[in-house]
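Colleague: Just so it is clear, I am handing over my_file_4.cif, which has mmCIF, C-alpha atoms.
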data_model
#
loop_
_atom_site.label_atom_id
_atom_site.label_comp_id
_atom_site.auth_asym_id
_atom_site.auth_seq_id
_atom_site.Cartn_x
_atom_site.Cartn_y
_atom_site.Cartn_z
CA MET A 1 -14.56 -56.20 66.93
CA GLN A 2 -17.89 -55.50 68.57
CA PRO A 3 -21.05 -55.52 66.45
CA GLY A 4 -22.37 -52.17 65.28
CA PRO A 5 -25.61 -50.93 66.83
CA GLU A 6 -28.83 -50.76 64.88
CA ILE A 7 -29.52 -47.17 63.79
CA LYS A 8 -33.28 -46.75 63.81
CA GLY A 9 -33.23 -43.21 62.40
CA TRP A 10 -36.30 -42.09 64.33
CA CYS A 11 -37.27 -40.94 67.81
CA PRO A 12 -39.96 -42.56 69.95
CA GLY A 13 -43.40 -41.02 69.67
CA ALA A 14 -46.93 -41.56 70.86
CA PHE A 15 -47.92 -42.93 67.45
CA ALA A 16 -44.56 -44.64 66.99
CA PRO A 17 -43.68 -46.17 70.37
CA MET A 18 -40.17 -47.54 70.63
CA PRO A 19 -39.70 -50.97 72.26
CA SER A 20 -37.14 -50.96 75.05
CA GLY A 21 -36.04 -53.26 77.80
CA ASP A 22 -38.65 -51.84 80.19
CA GLY A 23 -41.61 -51.70 77.82
CA LEU A 24 -42.68 -49.14 75.24
CA LEU A 25 -41.18 -45.66 75.18
CA ILE A 26 -43.47 -42.84 74.01
CA ARG A 27 -43.08 -39.07 73.79
CA ALA A 28 -45.47 -36.38 74.98
CA LYS A 29 -45.24 -33.88 72.14
CA ALA A 30 -44.61 -30.31 73.29
CA ILE A 31 -44.65 -27.43 70.80
CA GLY A 32 -42.26 -24.85 72.16
CA SER A 33 -40.79 -24.71 75.64
CA ARG A 34 -43.86 -24.02 77.78
CA LEU A 35 -45.45 -26.67 80.01
CA THR A 36 -48.25 -25.82 82.45
CA ALA A 37 -48.33 -27.17 85.98
CA ASP A 38 -51.59 -28.97 85.14
CA GLN A 39 -49.97 -30.66 82.14
CA ALA A 40 -46.98 -31.70 84.23
CA ARG A 41 -49.17 -33.13 86.97
CA GLU A 42 -51.19 -35.18 84.48
CA ILE A 43 -48.02 -36.48 82.80
CA ALA A 44 -46.91 -37.76 86.21
CA ARG A 45 -50.26 -39.52 86.61
CA ILE A 46 -50.08 -41.06 83.14
CA ALA A 47 -46.57 -42.31 83.90
CA VAL A 48 -47.92 -44.17 86.95
CA ASP A 49 -51.23 -45.37 85.51
CA CYS A 50 -49.95 -46.42 82.06
CA GLY A 51 -46.19 -46.95 82.50
CA ASN A 52 -43.57 -47.78 85.07
CA GLY A 53 -43.53 -44.34 86.69
CA LEU A 54 -40.37 -43.10 84.95
CA ILE A 55 -40.18 -39.94 82.82
CA ASP A 56 -37.17 -38.85 80.76
CA LEU A 57 -36.49 -35.26 79.75
CA SER A 58 -34.58 -35.62 76.50
CA GLN A 59 -31.87 -33.42 75.00
CA ARG A 60 -34.53 -32.35 72.49
CA ALA A 61 -36.49 -30.80 75.39
CA GLN A 62 -39.23 -33.42 75.14
CA LEU A 63 -40.77 -35.64 77.81
CA GLN A 64 -40.70 -39.41 77.33
CA LEU A 65 -42.78 -41.88 79.31
CA ARG A 66 -41.28 -45.30 79.95
CA GLY A 67 -42.73 -48.74 80.52
CA ILE A 68 -45.94 -48.19 78.56
CA SER A 69 -47.60 -51.48 77.62
CA GLU A 70 -49.77 -52.59 74.72
CA ALA A 71 -52.66 -52.74 77.17
CA THR A 72 -52.23 -49.13 78.36
CA ILE A 73 -51.02 -47.22 75.32
CA ALA A 74 -54.51 -46.29 74.08
CA GLU A 75 -55.32 -44.72 77.44
CA ALA A 76 -51.98 -42.90 77.50
CA LEU A 77 -52.65 -41.38 74.08
CA ARG A 78 -56.19 -40.38 75.01
CA ARG A 79 -54.96 -38.59 78.11
CA LEU A 80 -52.08 -36.89 76.30
CA GLU A 81 -54.57 -35.59 73.73
CA ALA A 82 -56.75 -34.22 76.52
CA ILE A 83 -53.89 -32.00 77.77
CA GLY A 84 -52.80 -30.89 74.30
CA MET A 85 -49.65 -33.01 74.12
CA LEU A 86 -50.53 -35.35 71.28
CA ALA A 87 -49.90 -34.53 67.62
CA PRO A 88 -52.90 -34.74 65.24
CA ASN A 89 -51.58 -37.92 63.62
CA ALA A 90 -48.47 -40.01 63.04
CA ASP A 91 -47.28 -37.94 60.06
CA ALA A 92 -47.56 -34.71 62.03
CA GLU A 93 -45.78 -36.19 65.02
CA ARG A 94 -42.90 -37.49 62.92
CA VAL A 95 -41.96 -34.13 61.37
CA THR A 96 -42.77 -31.76 64.25
CA ASN A 97 -39.38 -31.59 65.93
CA ILE A 98 -38.68 -28.12 67.29
CA ILE A 99 -36.58 -26.73 70.14
CA ALA A 100 -37.46 -23.20 71.25
CA SER A 101 -35.81 -20.76 73.66
CA PRO A 102 -36.65 -21.77 77.25
CA LEU A 103 -37.68 -18.27 78.35
CA ALA A 104 -39.61 -17.44 75.17
CA GLY A 105 -42.22 -14.74 75.71
CA LEU A 106 -40.88 -13.92 79.17
CA ALA A 107 -37.39 -12.47 78.83
CA ARG A 108 -36.47 -9.59 76.58
CA SER A 109 -35.78 -10.93 73.09
CA ALA A 110 -36.02 -10.15 69.38
CA PHE A 111 -39.22 -12.22 68.96
CA ASP A 112 -41.32 -14.82 70.74
CA ALA A 113 -39.77 -18.21 69.94
CA ASN A 114 -42.80 -20.13 71.22
CA MET A 115 -45.17 -18.23 68.95
CA MET A 116 -42.87 -18.95 66.01
CA ALA A 117 -42.67 -22.62 67.03
CA THR A 118 -46.47 -22.84 66.92
CA ARG A 119 -46.53 -21.31 63.42
CA LEU A 120 -43.72 -23.58 62.25
CA ALA A 121 -45.47 -26.68 63.60
CA ALA A 122 -48.66 -25.72 61.76
CA GLU A 123 -46.76 -25.40 58.47
CA LEU A 124 -44.89 -28.67 58.97
CA GLN A 125 -48.16 -30.47 59.59
CA ARG A 126 -50.00 -28.77 56.70
CA ASP A 127 -47.49 -29.14 53.87
CA ALA A 128 -47.48 -32.60 52.31
CA THR A 129 -43.97 -32.02 50.89
CA LEU A 130 -42.52 -31.60 54.35
CA ARG A 131 -43.87 -34.96 55.51
CA ALA A 132 -40.93 -36.47 53.60
CA LEU A 133 -38.46 -34.94 56.06
CA PRO A 134 -36.49 -37.59 57.98
CA PRO A 135 -37.95 -38.31 61.44
CA LYS A 136 -34.95 -36.84 63.28
CA PHE A 137 -34.84 -33.60 61.27
CA LEU A 138 -34.69 -30.85 63.90
CA PHE A 139 -35.53 -27.14 63.86
CA LEU A 140 -34.19 -24.75 66.48
CA ILE A 141 -35.62 -21.31 67.27
CA ASP A 142 -33.39 -19.01 69.34
CA ASP A 143 -34.96 -15.64 70.09
CA GLY A 144 -31.73 -14.02 71.26
CA GLY A 145 -32.94 -13.89 74.85
CA ALA A 146 -31.21 -14.64 78.12
CA LEU A 147 -30.48 -18.35 77.60
CA SER A 148 -28.67 -18.93 74.33
CA LEU A 149 -29.18 -22.16 72.37
CA THR A 150 -25.90 -21.79 70.51
CA ASP A 151 -24.56 -25.08 71.91
CA VAL A 152 -27.56 -27.09 70.68
CA GLU A 153 -27.18 -28.81 67.32
CA ALA A 154 -30.05 -28.78 64.82
CA ASP A 155 -30.59 -29.13 61.08
CA ILE A 156 -32.04 -25.65 60.58
CA CYS A 157 -31.60 -22.83 63.10
CA ILE A 158 -33.69 -19.66 63.21
CA GLU A 159 -31.62 -17.31 65.33
CA ALA A 160 -31.91 -13.64 66.28
CA ALA A 161 -28.92 -11.82 64.77
CA SER A 162 -29.92 -8.22 65.55
CA THR A 163 -33.03 -6.17 66.21
CA GLU A 164 -33.69 -6.12 62.46
CA GLU A 165 -32.33 -9.40 61.07
CA ILE A 166 -32.74 -13.11 61.68
CA ALA A 167 -29.95 -15.56 60.84
CA ILE A 168 -31.01 -18.83 59.21
CA ARG A 169 -28.22 -21.34 59.71
CA ILE A 170 -27.81 -24.94 58.60
CA ALA A 171 -25.94 -27.83 60.20
CA GLY A 172 -22.39 -28.33 59.01
CA VAL A 173 -21.88 -24.66 58.07
CA PRO A 174 -20.85 -22.85 61.25
CA ASP A 175 -19.54 -19.62 59.71
CA ARG A 176 -22.29 -18.58 57.30
CA ALA A 177 -26.01 -17.83 57.41
CA ALA A 178 -28.85 -16.40 55.36
CA LEU A 179 -29.72 -13.06 56.97
CA VAL A 180 -33.35 -12.11 56.45
CA ALA A 181 -35.95 -9.74 57.85
CA ALA A 182 -37.91 -11.05 60.82
CA ASN A 183 -41.11 -11.39 58.81
CA ASP A 184 -39.31 -13.57 56.25
CA SER A 185 -37.53 -15.91 58.67
CA LEU A 186 -40.11 -18.67 58.87
CA ASP A 187 -40.52 -18.72 55.09
CA ALA A 188 -36.75 -18.95 54.62
CA ALA A 189 -36.47 -21.87 57.05
CA LEU A 190 -39.29 -23.73 55.29
CA ARG A 191 -37.68 -23.12 51.90
CA LEU A 192 -34.52 -24.76 53.18
CA ALA A 193 -36.52 -27.72 54.49
CA ARG A 194 -38.28 -28.18 51.14
CA ALA A 195 -34.93 -27.86 49.34
CA PHE A 196 -33.55 -30.62 51.58
CA VAL A 197 -36.45 -32.89 50.57
CA GLU A 198 -35.81 -32.07 46.90
CA LEU A 199 -32.08 -32.78 47.06
CA ARG A 200 -32.66 -35.90 49.12
CA ASP A 201 -35.06 -37.20 46.48
CA ARG A 202 -32.49 -36.56 43.76
CA HIS A 203 -29.94 -38.62 45.65
CA ALA A 204 -32.11 -41.62 46.51
CA ASN A 205 -32.78 -40.46 50.08
CA SER A 206 -29.15 -41.06 51.03
CA PHE A 207 -28.97 -38.06 53.40
CA ARG A 208 -30.17 -38.65 56.94
CA ARG A 209 -29.64 -35.07 58.08
CA VAL A 210 -28.49 -31.71 56.74
CA ASP A 211 -24.88 -32.19 57.84
CA THR A 212 -24.57 -35.34 55.73
CA LEU A 213 -25.96 -33.44 52.73
CA VAL A 214 -23.47 -30.61 53.29
CA GLU A 215 -20.62 -33.09 53.58
CA ALA A 216 -21.60 -34.72 50.28
CA LEU A 217 -22.70 -31.73 48.19
CA GLY A 218 -20.99 -28.74 49.79
CA ALA A 219 -22.14 -25.77 51.86
CA GLU A 220 -23.90 -23.95 49.02
CA ALA A 221 -26.04 -26.75 47.58
CA LEU A 222 -28.92 -26.44 50.04
CA PRO A 223 -29.24 -22.62 50.18
CA ARG A 224 -28.80 -22.41 46.41
CA THR A 225 -31.66 -24.85 45.87
CA ALA A 226 -33.75 -22.84 48.33
CA GLY A 227 -32.96 -19.57 46.55
CA LEU A 228 -31.15 -18.11 49.55
CA ALA A 229 -27.79 -16.31 49.66
CA MET A 230 -25.40 -17.18 52.48
CA ARG A 231 -23.19 -14.54 54.06
CA VAL A 232 -20.34 -14.68 56.54
CA TYR A 233 -21.89 -14.87 59.99
CA GLU A 234 -20.30 -15.37 63.38
CA GLU A 235 -22.22 -16.42 66.47
CA THR A 236 -21.18 -14.01 69.22
CA ARG A 237 -23.18 -15.25 72.19
CA ALA A 238 -21.55 -17.65 74.62
CA PRO A 239 -23.11 -21.04 75.33
CA VAL A 240 -25.19 -21.41 78.48
CA ARG A 241 -23.37 -22.75 81.53
CA TRP A 242 -24.77 -24.81 84.41
CA ALA A 243 -24.51 -21.73 86.63
CA HIS A 244 -27.14 -20.01 84.46
CA ILE A 245 -29.57 -22.91 84.67
CA PHE A 246 -29.71 -24.48 88.12
CA GLY A 247 -30.81 -22.91 91.38
CA ALA A 248 -32.61 -19.62 92.01
CA GLN A 249 -32.03 -17.39 88.99
CA ARG A 250 -32.87 -13.95 87.69
CA ARG A 251 -32.53 -13.00 84.03
CA GLY A 252 -33.65 -9.42 83.51
CA ALA A 253 -37.18 -9.24 84.89
CA VAL A 254 -37.65 -13.02 84.88
CA PHE A 255 -37.18 -15.16 87.99
CA TYR A 256 -37.03 -18.94 87.93
CA ALA A 257 -35.82 -21.99 89.80
CA GLY A 258 -33.74 -24.40 87.72
CA VAL A 259 -34.24 -28.01 88.79
CA GLY A 260 -32.99 -31.25 87.27
CA ALA A 261 -33.00 -34.99 87.86
CA PRO A 262 -29.85 -37.06 87.32
CA PHE A 263 -29.45 -37.82 83.59
CA GLY A 264 -32.89 -36.29 82.97
CA ARG A 265 -34.59 -39.33 84.56
CA TRP A 266 -37.55 -38.34 86.74
CA ARG A 267 -39.69 -40.52 88.96
CA ALA A 268 -43.37 -39.67 88.64
CA ASP A 269 -43.59 -38.62 92.30
CA GLU A 270 -40.70 -36.17 91.82
CA PHE A 271 -42.30 -34.79 88.68
CA ALA A 272 -45.64 -34.37 90.46
CA VAL A 273 -43.93 -32.53 93.33
CA VAL A 274 -42.25 -30.14 90.92
CA ALA A 275 -45.62 -29.51 89.24
CA GLU A 276 -47.04 -28.55 92.64
CA TYR A 277 -44.09 -26.23 93.25
CA ALA A 278 -44.86 -24.52 89.96
CA ARG A 279 -48.50 -24.15 90.96
CA ASN A 280 -48.04 -23.05 94.58
CA GLU A 281 -44.81 -21.05 94.50
CA GLY A 282 -44.51 -20.18 90.82
CA THR A 283 -46.62 -18.73 88.05
CA GLY A 284 -48.16 -22.08 87.15
CA GLU A 285 -45.77 -22.95 84.34
CA LEU A 286 -42.51 -24.78 83.76
CA ARG A 287 -40.08 -24.42 80.89
CA LEU A 288 -38.49 -27.39 79.10
CA THR A 289 -34.82 -27.12 78.18
CA PRO A 290 -32.39 -29.14 76.03
CA TRP A 291 -30.06 -29.30 79.05
CA ARG A 292 -32.34 -31.83 80.79
CA ALA A 293 -33.47 -29.23 83.32
CA LEU A 294 -36.85 -27.73 84.14
CA LEU A 295 -37.19 -24.01 84.81
CA LEU A 296 -40.02 -23.11 87.19
CA VAL A 297 -41.00 -19.50 86.57
CA THR A 298 -41.70 -17.43 89.71
CA GLN A 299 -42.78 -13.92 90.64
CA ASP A 300 -39.69 -13.14 92.70
CA GLU A 301 -36.38 -14.51 93.95
CA ASP A 302 -37.77 -15.57 97.33
CA ALA A 303 -40.22 -17.96 95.67
CA ALA A 304 -37.44 -19.39 93.51
CA GLN A 305 -35.33 -19.93 96.63
CA ARG A 306 -38.20 -21.75 98.36
CA ILE A 307 -38.60 -24.07 95.37
CA VAL A 308 -34.88 -24.82 95.36
CA ALA A 309 -34.93 -25.63 99.07
CA CYS A 310 -37.86 -28.03 98.64
CA ALA A 311 -36.35 -29.68 95.53
CA ARG A 312 -33.09 -30.25 97.38
CA LYS A 313 -34.96 -32.36 99.94
CA HIS A 314 -35.92 -34.72 97.11
CA ASP A 315 -32.26 -35.05 96.05
CA LEU A 316 -32.91 -33.21 92.79
CA ILE A 317 -30.19 -31.19 91.09
CA THR A 318 -30.43 -27.55 92.16
CA SER A 319 -26.84 -26.33 91.91
CA SER A 320 -24.23 -26.04 89.18
CA ASP A 321 -21.79 -27.62 91.65
CA ASP A 322 -23.70 -30.92 91.71
CA GLN A 323 -21.21 -33.64 90.79
CA ARG A 324 -23.84 -35.56 88.85
CA LEU A 325 -23.84 -32.85 86.17
CA ALA A 326 -20.29 -33.84 85.22
CA VAL A 327 -21.50 -37.19 83.85
CA ILE A 328 -23.79 -37.86 80.90
CA ALA A 329 -25.01 -41.43 80.55
CA CYS A 330 -27.57 -43.11 78.31
CA PRO A 331 -30.07 -45.57 79.89
CA GLY A 332 -27.83 -48.52 78.99
CA ALA A 333 -28.71 -52.16 79.58
CA PRO A 334 -31.18 -53.63 80.27
CA GLU A 335 -33.46 -50.71 79.31
CA CYS A 336 -31.92 -50.25 75.87
CA PRO A 337 -31.66 -53.41 73.73
CA GLN A 338 -28.73 -51.83 71.84
CA ALA A 339 -26.60 -51.38 74.94
CA LEU A 340 -23.77 -53.81 75.68
CA ALA A 341 -23.57 -52.99 79.39
CA GLU A 342 -25.08 -51.04 82.25
CA THR A 343 -24.10 -47.40 82.17
CA ARG A 344 -25.55 -45.96 85.36
CA ALA A 345 -24.68 -48.57 87.98
CA HIS A 346 -21.45 -46.87 89.10
CA VAL A 347 -22.08 -43.28 88.09
CA LEU A 348 -22.08 -41.92 91.64
CA GLU A 349 -18.57 -43.32 92.11
CA LEU A 350 -17.38 -41.80 88.84
CA ALA A 351 -19.00 -38.38 89.25
CA PRO A 352 -16.44 -36.86 91.68
CA LEU A 353 -13.63 -37.82 89.32
CA ALA A 354 -15.52 -36.58 86.27
CA GLN A 355 -16.04 -33.22 87.92
CA LYS A 356 -12.26 -32.74 88.14
CA ILE A 357 -11.78 -33.14 84.38
CA VAL A 358 -14.79 -31.21 83.05
CA GLY A 359 -14.63 -29.37 79.76
CA ALA A 360 -15.92 -25.89 79.05
CA ASP A 361 -19.54 -27.08 79.11
CA GLY A 362 -19.27 -28.67 82.56
CA VAL A 363 -19.20 -32.29 81.33
CA GLY A 364 -16.21 -34.50 82.09
CA LEU A 365 -17.46 -37.98 81.28
CA HIS A 366 -19.85 -39.55 78.78
CA LEU A 367 -20.90 -43.16 79.33
CA SER A 368 -22.47 -44.78 76.27
CA GLY A 369 -23.94 -48.25 76.05
CA CYS A 370 -23.24 -48.47 72.31
CA ALA A 371 -21.48 -46.63 69.51
CA LYS A 372 -24.52 -44.52 68.60
CA GLY A 373 -23.82 -42.15 71.48
CA CYS A 374 -27.48 -41.14 71.78
CA ALA A 375 -27.02 -39.20 75.02
CA ARG A 376 -24.29 -36.92 73.63
CA GLN A 377 -23.12 -36.36 70.08
CA SER A 378 -20.29 -33.94 70.84
CA ALA A 379 -16.83 -34.61 72.28
CA SER A 380 -16.13 -35.12 75.97
CA PRO A 381 -12.83 -35.15 77.89
CA ILE A 382 -13.47 -38.86 78.49
CA THR A 383 -15.96 -41.09 76.70
CA LEU A 384 -16.51 -44.62 77.98
CA LEU A 385 -17.99 -46.88 75.32
CA ALA A 386 -19.42 -50.20 76.46
CA CYS A 387 -17.98 -53.27 74.80
CA ALA A 388 -18.28 -57.00 75.34
CA GLU A 389 -15.35 -57.05 77.80
CA GLY A 390 -15.99 -53.80 79.69
CA PHE A 391 -15.43 -50.25 78.41
CA ASP A 392 -13.30 -48.66 75.72
CA LEU A 393 -11.86 -45.29 76.80
CA ILE A 394 -11.82 -42.43 74.29
CA GLU A 395 -10.11 -39.12 74.99
CA ASN A 396 -11.37 -35.66 73.91
CA ALA A 397 -13.78 -37.08 71.34
CA GLY A 398 -17.11 -38.80 70.88
CA THR A 399 -18.14 -42.42 70.47
CA ASP A 400 -17.09 -42.51 66.80
CA ALA A 401 -13.40 -41.94 67.58
CA ALA A 402 -10.68 -44.57 68.03
CA PRO A 403 -10.27 -45.69 71.66
CA HIS A 404 -7.15 -44.80 73.61
CA LEU A 405 -7.61 -47.89 75.79
CA ARG A 406 -9.75 -50.95 75.16
CA SER A 407 -11.76 -53.43 77.23
CA LEU A 408 -11.23 -51.83 80.63
CA THR A 409 -12.81 -53.30 83.74
CA PHE A 410 -14.62 -50.88 86.04
CA GLU A 411 -11.65 -50.99 88.41
CA ALA A 412 -9.34 -50.04 85.54
CA VAL A 413 -11.69 -47.22 84.55
CA MET A 414 -11.53 -45.86 88.09
CA ARG A 415 -7.74 -45.95 88.02
CA GLU A 416 -7.56 -44.14 84.67
CA LEU A 417 -10.00 -41.44 85.74
CA SER A 418 -8.25 -41.04 89.08
CA ALA A 419 -4.93 -40.49 87.31
CA ARG A 420 -6.43 -37.87 84.99
CA ALA A 421 -8.27 -36.16 87.83
CA GLY A 422 -5.04 -36.02 89.80
CA ARG A 423 -3.26 -34.10 87.08
CA GLY A 424 -6.32 -32.04 86.11
CA GLN A 425 -6.49 -33.78 82.71
#
Kindly transcribe the structure held in the file into structure tokens.
Modeller:
Amino acid sequence: MQPGPEIKGWCPGAFAPMPSGDGLLIRAKAIGSRLTADQAREIARIAVDCGNGLIDLSQRAQLQLRGISEATIAEALRRLEAIGMLAPNADAERVTNIIASPLAGLARSAFDANMMATRLAAELQRDATLRALPPKFLFLIDDGGALSLTDVEADICIEAASTEEIAIRIAGVPDRAALVAANDSLDAALRLARAFVELRDRHANSFRRVDTLVEALGAEALPRTAGLAMRVYEETRAPVRWAHIFGAQRRGAVFYAGVGAPFGRWRADEFAVVAEYARNEGTGELRLTPWRALLLVTQDEDAAQRIVACARKHDLITSSDDQRLAVIACPGAPECPQALAETRAHVLELAPLAQKIVGADGVGLHLSGCAKGCARQSASPITLLACAEGFDLIENAGTDAAPHLRSLTFEAVMRELSARAGRGQ
């Protein structure tokens, strides 16, 4: 039986850098989804001057700089502060975890998710009670616009339900929500967060996230403590598909070019080029997404097409048909000290097979270096979990499920995937 991974329970930050196999990992803190071209260009420079030139776009729509050293971290923080991407202090950084609609303030929607994210961040950083929230506690703000966040998991979701009501949902309770007026939505979300802290204190801080609290105490414990009534609520919007994200796009009156790097891993030179695209062909801003893609906002479709053509020359992902989208893989060894094997060495060989067995969300294969499954928490048609003797193969589940086959060599993995691809899974 392989040893269990160490669960740190926190994400890397600028004030809380995480040691990894390639140096320190820090996060440039973005509030909301907007990133200016100037900010992006400076992040690329910081990655080169202070790190190893690699930048990750995480599934929390945050940018992480890799290979930072003890000798360069002070300069990295100073420069992040200069572009407005450093939290006021370590406490503020730890609790300010917010995903906002990628097209907030641009596309037609019930409210501006980025404006609400700014207000929420201010409250999280002001209220001493909320500093007791666990470091991975996540808020999601979905304004009901063109790109739905319904497939993104969070502890507390603020979601447009209609032109008059906002649904406040909690993790682990998919079929109910507190429906409140728009002006009351932020207050309701904060009441739930404070109620979580209260219940967590009562139970010796045994709950890491809202779903574990719901599992232990039931669906009504948290809203009851917050003084909120839950009603039957059904999410009606479909999850976003790759076809809505990558390439030249139009959503209502908004044009953008969707561009990605394999597994969300950008080289600084690629990131700098994209920043210049945003400046020269776009409106000077990029949008961060939880799908590990950047959206470069443009004035018209022709500009979006020009950006896509240029990005394609750099081998970036610009089409929903890109085989690399069918595979999700964590950094693996040697970058992650938890990983038991490399995860990305053979991905290009696996991608064509993975594309033939994709699920509804366009993912066919998840490669994880350890049982934590950091890169993907949900189920995949095939999950490959690194072990001491190769990979365990799990079907239609995540890393916490029992393997169908154990200790496969890479050659055996290729045979198994080929067989499933041949019969269309």
Colleague: Could you expand the PyMOL selection byres ((chain A and resi 322) around 10) into the explicit residues it covers here, written as a PyMOL selection string?
Modeller: chain A and resi 242+246+262+316-321+323-326+351-352+355
Colleague: Can you work out which one of A:Ala261, A:Ala107, A:Leu24, A:Ile83 has the shortest atom-to-atom distance to A:Leu65, counting all atoms listed in the file?
Modeller: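 Selected residue with least distance to A:Leu65: A:Leu24.
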Colleague: Find the spatial neighbours of A:Pro223, counting only C-alpha atoms, within a cut-off of 12 Å - ignore same-chain residues fewer than 4 positions away - and output them as a PyMOL selection string.
Modeller: chain A and resi 156+168-171+173+176-179+188-196+198-199+210+213-214+217-219+227-231
Colleague: Evaluate the PyMOL selection byres ((chain A and resi 140-153) around 8) on the structure here and hand back the selected residues as number ranges by chain.
Modeller: A: 98-104, 107-113, 116-117, 138-139, 154-161, 171, 235, 237-240, 244, 251-252, 290
Colleague: Could you list, as an MDAnalysis selection string, every residue matched by the PyMOL selection byres ((chain A and resi 382-399) around 6) in this structure?
Modeller: chainID A and resid 340:341 365:371 373 378:381 400:401 403:409
Colleague: Give me, as JSON, numbers by chain, all polymer residues having an atom no more than 10 Å from A:Asp49, counting only C-alpha atoms and skipping those fewer than 2 positions away in the same chain.
Modeller: {"A": [43, 44, 45, 46, 47, 51, 52, 53, 68, 72, 75, 76]}
Colleague: To one decimal in Å, tell me the separation between atom CA of A:Arg415 and atom CA of A:Gly364.
Modeller: 15.4 Å
Colleague: Restricting the calculation to only C-alpha atoms: of A:Leu80, A:Ala339, A:Ala167, A:Ala419, which residue gets closest to A:Gly21?
Modeller: A:Ala339
Colleague: Atom CA of A:Ala275 and atom CA of A:Asn114 are how many Å apart?
Modeller: 20.5 Å
Colleague: Let me make sure I understand: among A:Val413, A:Ala216, A:Ala122, A:Cys310, which one has the smallest atom-to-atom distance to A:Val259 if we use only C-alpha atoms?
Modeller: A:Cys310
Colleague: Of the candidates A:Gly172, A:Pro337, A:Gly260, A:Gly359, which shows the shortest atom-to-atom distance to A:His314, using only C-alpha atoms?
Modeller: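 When distances to A:His314 are compared using only C-alpha atoms, the smallest one comes from A:Gly260.
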Colleague: Between atom CA of A:Trp266 and atom CA of A:Val297, what is the distance in Å, rounded to a tenth?
Modeller: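 Taking atom CA of A:Trp266 as the start and atom CA of A:Val297 as the end point, the length is 19.2 Å.
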Colleague: Which is closest to A:Pro17 among A:Gly258, A:Gly67, A:Gly282, A:Pro334, if we use all atoms listed in the file?
Modeller: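 With all atoms listed in the file as the atom set, the closest residue is A:Gly67.
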